[in-house]
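Structure first, commentary second.
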Amino acid sequence: MIATAERSTTPRRIVFPFTAVIGQEDMKLALILNVIDPRIGGVMIMGDRGTGKSTTIRALADLLPEIEVVADDPFSRSPSDQDIQRERGTDTLPKATKKVPMIDLPLGATEDRVCGTIDIEKALSEGVKAFEPGLLAKANRGILYVDEVNLLDDHLVDVLLDSAASGWNTVEREGISIRHPAQFVLVGSGNPEEGELRPQLLDRFGMHAEIRTVRDPELRVQIVEQRSDFDQDPQAYLQKFDEPQTDLQKRIVDAQSRLPNVTIEHDFRIKISQVCSELDVDGLRGDIVTNRAAKALAAYEGRTEVTLDDIRTVIVMCLRHRLRKDPLESIDSGYKVGKVFSQVFGVALEDEDAATNGRQPVGAR
């Protein structure tokens with residue numbers, strides 16, 4: 001996802017502002033880090049009903065600046081994309097700007113609706129590849145959101161995760177094959193009471209944010225009042241948050257530019273892998289994602305070198321869902337990861353009540 005710093009000239013959608021969302025800091029941070037570096041691999045958000053999951057995700061998409069696209073391209077590719085330049089035979093392409101795509105995938109979606117379809121009759125009669133783009137095509141360079149992902153058919157989850165990992169979607173039918181870019185941030189949400197994802201699928205999500213209902217009465221009242229103010233006069237409420245929204249947008253754009261220059265010292269990389277090894281994490285995804293998330297956080301904080309605190313902040317969200325567990329247990333709260341991290345890095349174990357490292361979101365006491 002490539003962002004530009006230009007302000008939107010199109011009418012604003014009426015969406016609750018991201019910077020006005022109270023609490024749930026882990027979810028917000030995980031989403032921001034994935035926007036800064038989509039290679040992290042998406043976010044799985046598990047938590048109670050009515051905790052603002054959908055509201056926050058839509059707010060993030062609305063916050064992001066417009067992207068430049070080829071005006072008549074169904075995949076929202078950039079005019080500088082060499083594939084479309086070769087396809088059209090020119091580098092002079094019609095340009096347009098649009099908001100970052102935010103695509104909702106309904107639970108009842110079919111594979112054809114998700115991946116797209118090929119019109120065989122037209123292909124045979126006219127000799128052209130007649131392709132009807134699906135949701136993956138529309139989500140290219142944007143965010144694909146699946147609410148209640150744990151209730152989605154496993155084969156569709158496999159398709160989504162494969163496309164998110166490779167950045168491409170391939171549709172094959174009757175010997176005809178179409179391949180198109182599908183580079184998006186995959187965000188899934190769900191309620192643990194309705195069932196967990198299979199460990200093999202859960203492992204494919206880069207980060208896992210656990211959110212709980214806010215228990216502090218004063219904070220609950222503040223959230224209710226904010227929502228009431230927004231519903232009564234959305235435009236006036238949005239204007240109040242214009243400056244914070246613009247500041248955060250610029251901070252994300254700057255972080256995207258800074259990211260290629262961020263480094264992480266060799267000793268930290270060794271210790272991250274040691275944590276993964278001692279936790280018996282299968283494969284190397286945990287190592288890779290933790291490194292990427294720590295770099296994205298450093299870029300977001302305006303630095304070009306990863307610190308111990310960067311790793312401490314992201315490591316639970318990157319590893320918690322990858323631990324082997326008894327089928328009857330829920331996902332570890334993060335204590336196991338935090339304990340091994342403190343041992344390997346030689347730092348004191350944070351008090352669980354005070355930590356916001358993927359365990360206790362703000363206000364959830």
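Residues in the structure tokens are named by chain (A, B, ... in the order shown) and by number from 1 within that chain; ligands are numbered from 1 in the order shown.
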Exercise. Which neighbours of segment 194-198 of chain A fall inside 8 Å, counting only C-alpha atoms, when residues of the same chain fewer than 6 positions from it are skipped, and could you give them as number ranges by chain?
Worked result: A: 149-151
Exercise. Any idea what's packed within 12 Å of segment 266-275 of chain A, counting only C-alpha atoms, ignoring anything in its chain fewer than 4 positions away? Could you give it as a VMD selection string?
Worked result: chain A and resid 279 to 295 305 to 312 314 to 316 318 to 320 323 336 to 346
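The closest residue to Glu87 of chain A, picked from A:Asp73, A:Glu265, A:Asp158, A:Asp216 and counting only C-alpha atoms, is A:Asp73.
Within the 9 Å cut-off around Val146 of chain A, using only C-alpha atoms and omitting residues fewer than 5 positions from it on the same chain, the listed residues are Ile103, Asp104, Leu105, Pro106, Leu107, Leu152, Leu186, Val187, Gly188, Ser189 and Gly190 of chain A.
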With C-alpha atoms retained, export the selected residues as an mmCIF file, in the first residue's frame.
```cif
data_model
loop_
_atom_site.group_PDB
_atom_site.id
_atom_site.type_symbol
_atom_site.label_atom_id
_atom_site.label_comp_id
_atom_site.auth_asym_id
_atom_site.auth_seq_id
_atom_site.Cartn_x
_atom_site.Cartn_y
_atom_site.Cartn_z
ATOM 1 C CA ILE A 103 -13.593 -4.188 1.286
ATOM 2 C CA ASP A 104 -15.924 -6.154 3.571
ATOM 3 C CA LEU A 105 -16.075 -9.870 2.871
ATOM 4 C CA PRO A 106 -19.494 -11.278 3.831
ATOM 5 C CA LEU A 107 -19.671 -14.691 5.487
ATOM 6 C CA LEU A 152 -15.855 -18.450 7.387
ATOM 7 C CA LEU A 186 -5.967 -8.768 5.718
ATOM 8 C CA VAL A 187 -7.871 -8.001 8.906
ATOM 9 C CA GLY A 188 -9.999 -10.660 10.549
ATOM 10 C CA SER A 189 -12.116 -10.287 13.644
ATOM 11 C CA GLY A 190 -14.137 -12.680 15.716
#
```
Exercise. In Å, how far is it from atom CA of Lys99 of chain A to atom CA of Glu66 of chain A?
Worked result: 4.5 Å
For this session: Could you tell me which of A:Gly42, A:Gly108, A:Pro79, A:Gly206 comes closest to Lys95 of chain A if we count only C-alpha atoms?
Result: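 Going through A:Gly42, A:Gly108, A:Pro79, A:Gly206 one by one, the smallest distance to Lys95 of chain A is for A:Pro79.
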Problem set entry | Sel. of helix (DSSP H, G or I) residues, segment 215-344 of chain A, as a PyMOL selection string | chain A and resi 217-232+234-240+242-261+266-278+285-300+308-322+335-344
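Residue nearest Met207 of chain A within the list A:Leu33, A:Val15, A:Met102, A:Cys276: A:Leu33 [criterion: smallest interatomic distance, only C-alpha atoms].
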For this session: Identify all residues of segment 82-173 of chain A in strand (DSSP E) (DSSP on the backbone) and supply them as a ChimeraX atom specification.
Result: /A:95-98,102-104,116-118,131-133,142-147,168-173
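Nearest residue to Phe184 of chain A, choosing from A:Val253, A:Ala139, A:Ile45, A:Val100 and counting only C-alpha atoms: A:Ala139.
Coordinates place atom CA of Thr19 of chain A at a distance of 8.5 Å from atom CA of Ala59 of chain A.
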For this session: Grab the atom CA of Tyr335 of chain A to atom CA of His208 of chain A distance for me, in Å with one decimal place.
Result: 14.3 Å
Exercise. Smallest atom-to-atom distance to Ala165 of chain A: which of A:Asn34, A:Thr51, A:Gln183, A:Thr110, using only C-alpha atoms?
Worked result: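 Checking each candidate against Ala165 of chain A, we get A:Gln183 as the closest.
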